[in-house]
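Participant: What follows is a structure written as structure tokens; I'll ask about it next.
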Amino acid sequence: MNARPTPRQVLHWYLESGVDEAIGEVPVDRYALSAVAVPSRPSPEPRRQPPPLPSPPRPASPAPAPAADTPAASGGAAALAAAARTLDELRTALMGFEGCSLKAGARSTVFADGNPEAPVMVIGEAPGADEDAQGLPFVGASGRLLDRMLGSIGLDRQTSAYITNVVPWRPPINRKPSPAEVAVCLPFVERHIALVAPRVLLLVGGLAASHLLASKDGIMRLRGQWFDYATGLQRPVPTIATFHPAYLLRSPAEKRLAWRDLLSLRQRLDSLG
Ligand code: URA
């Protein structure tokens, strides 16, 4: 059996192990110490963390835009339209509005043509291909007939007529705008009328007539009568409806009735002085 190592051997082993410095005058029995409850060293004071910086304000996430052609989109349209105080502001609001699905398929937002100071405001349905291409209402075949109709009672779009549509974007394949599409555009055209405040309103076609007169009747019943249009206005505007020129191009026999409506309009204008 091995004899216990001599002190010299132990020192030598320490030196080999790198222990070459005595740090106490008396030896310490570490085994004996470990059996005694050693007061734990007071844990160093936790390092003071700097107070957390206030988190930067989160950018307010924009409210998701309401889906197009819904009542919520109509609400958005109404708010935008009501905020417009001039025709330019209304045009800008319309250009920025994304609540009508027709806009995505149209090239232009067709706002208006003619003289906004004119006594007569004409409102049609929606742009067709020609209007979409040129960005102006009633510039195709039905526009040429509309110009002749207005000319027959001494009106023209340069001086005495101002022309727009209920819907400012062309529906695909020239279909009729759906009720939801019309509903979402209605606040804009209502505001448009209020800002122009014409002396007389001429609604061409059943869509403009039934929506702006809030009537379930079709154009056959509505045409030729006088109504007071009052939405958003201090002074109601005398309003008459007639056939849409596109319909008259297909049914020329009805021009006789349209002519009566136009004469009635002329007389009303003259009576207003
Ligand atoms: N039909 C309309 O109702 N409006 C236009 O601008 C063109 C055709």
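Note on naming: chains are A, B, ... as they come in the structure tokens, residues start from 1 per chain, ligands start from 1 in the order shown.
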Throw together the list of residues within 7 Å of ligand 1, counting only C-alpha atoms and all ligand atoms, and drop it here as a PyMOL selection string.

Facilitator: chain A and resi 124-128+131+136-140+142-143+164-165+246

Participant: Within 7 Å of region 57-70 of chain A, which residues of region 179-204 of chain A show up? Give each one with its shortest atom-to-atom distance in Å (one decimal) and the two atoms involved, counting only C-alpha atoms, rows by chain then rising residue number, as a tab-separated table.

Facilitator:
residue	atom	partner	partner_atom	distance
A:Ala180	CA	A:Asp69	CA	5.3
A:Glu181	CA	A:Asp69	CA	5.4
A:Val184	CA	A:Asp69	CA	5.8

Participant: Within 10 Å of Pro172 (chain A), counting only C-alpha atoms, which residues qualify if same-chain residues fewer than 6 places away don't, as a list in words?

Facilitator: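 That gives Leu102, Gly105, Ala106, Gly128 and Ala129 of chain A.
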
Participant: Please produce a file of the residues just selected, as a compact mmCIF listing (two decimals), in the first residue's frame, where the atoms kept are all heavy atoms.

Facilitator:
# COMPACT_ATOMS: atom_id res chain seq x y z
N LEU A 102 -66.49 49.57 -58.75
CA LEU A 102 -66.38 49.90 -60.19
C LEU A 102 -65.08 50.65 -60.50
O LEU A 102 -64.57 50.60 -61.60
CB LEU A 102 -67.57 50.78 -60.62
CG LEU A 102 -68.93 50.11 -60.60
CD1 LEU A 102 -70.02 51.10 -60.95
CD2 LEU A 102 -68.96 48.93 -61.57
N GLY A 105 -62.06 48.89 -62.10
CA GLY A 105 -62.08 48.48 -63.50
C GLY A 105 -62.18 49.66 -64.46
O GLY A 105 -62.25 49.45 -65.67
N ALA A 106 -62.21 50.87 -63.93
CA ALA A 106 -62.40 52.04 -64.80
C ALA A 106 -61.08 52.76 -65.02
O ALA A 106 -60.20 52.74 -64.17
CB ALA A 106 -63.41 52.99 -64.17
N GLY A 128 -69.89 55.51 -70.20
CA GLY A 128 -69.66 54.35 -71.07
C GLY A 128 -68.20 54.35 -71.49
O GLY A 128 -67.36 55.06 -70.90
N ALA A 129 -67.92 53.58 -72.56
CA ALA A 129 -66.54 53.43 -72.98
C ALA A 129 -65.92 54.76 -73.41
O ALA A 129 -64.77 55.07 -73.05
CB ALA A 129 -66.47 52.42 -74.13

Participant: From the set A:Pro116, A:Pro71, A:Pro198, A:Gly99, which residue has the shortest atom-to-atom contact distance to Leu87 (chain A), counting only C-alpha atoms?

Facilitator: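 Once distances to Leu87 (chain A) are computed over only C-alpha atoms, the minimum belongs to A:Pro116.
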
Participant: Near Leu213 (chain A), counting only C-alpha atoms, which residues have an atom at most 9 Å away, once you skip same-chain residues fewer than 4 positions from it, shown as a short mmCIF file (atom, residue, chain, number, x, y, z; two decimals) with C-alpha atoms, in the first residue's frame?

Facilitator:
data_model
loop_
_atom_site.label_atom_id
_atom_site.label_comp_id
_atom_site.auth_asym_id
_atom_site.auth_seq_id
_atom_site.Cartn_x
_atom_site.Cartn_y
_atom_site.Cartn_z
CA ALA A 208 -81.03 58.86 -62.15
CA ALA A 209 -84.73 59.57 -61.81
CA LEU A 222 -91.62 59.73 -63.58
CA PHE A 227 -90.65 67.43 -58.51
CA ASP A 228 -88.88 69.41 -55.84
CA TYR A 229 -85.44 67.98 -55.20
CA THR A 239 -86.60 68.80 -61.17
#

Participant: Find, counting only C-alpha atoms, the residue in A:Trp259, A:Trp169, A:Tyr162, A:Phe188 that gets nearest to Ala83 (chain A).

Facilitator: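 Of all the options, A:Phe188 lies closest to Ala83 (chain A).
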
Participant: With only C-alpha atoms as the basis for distance, which of A:Ile219, A:Val120, A:Leu272, A:Ala258 is at the shortest distance from Leu201 (chain A)?

Facilitator: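 For Leu201 (chain A), the nearest of the given residues is A:Val120.
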
Participant: From the DSSP assignment of the backbone, select every residue of region 40-200 of chain A that is alpha helix (DSSP H), and format the answer as an MDAnalysis selection string.

Facilitator: chainID A and resid 71:83 87:96 102:105 129:134 141:152 179:196
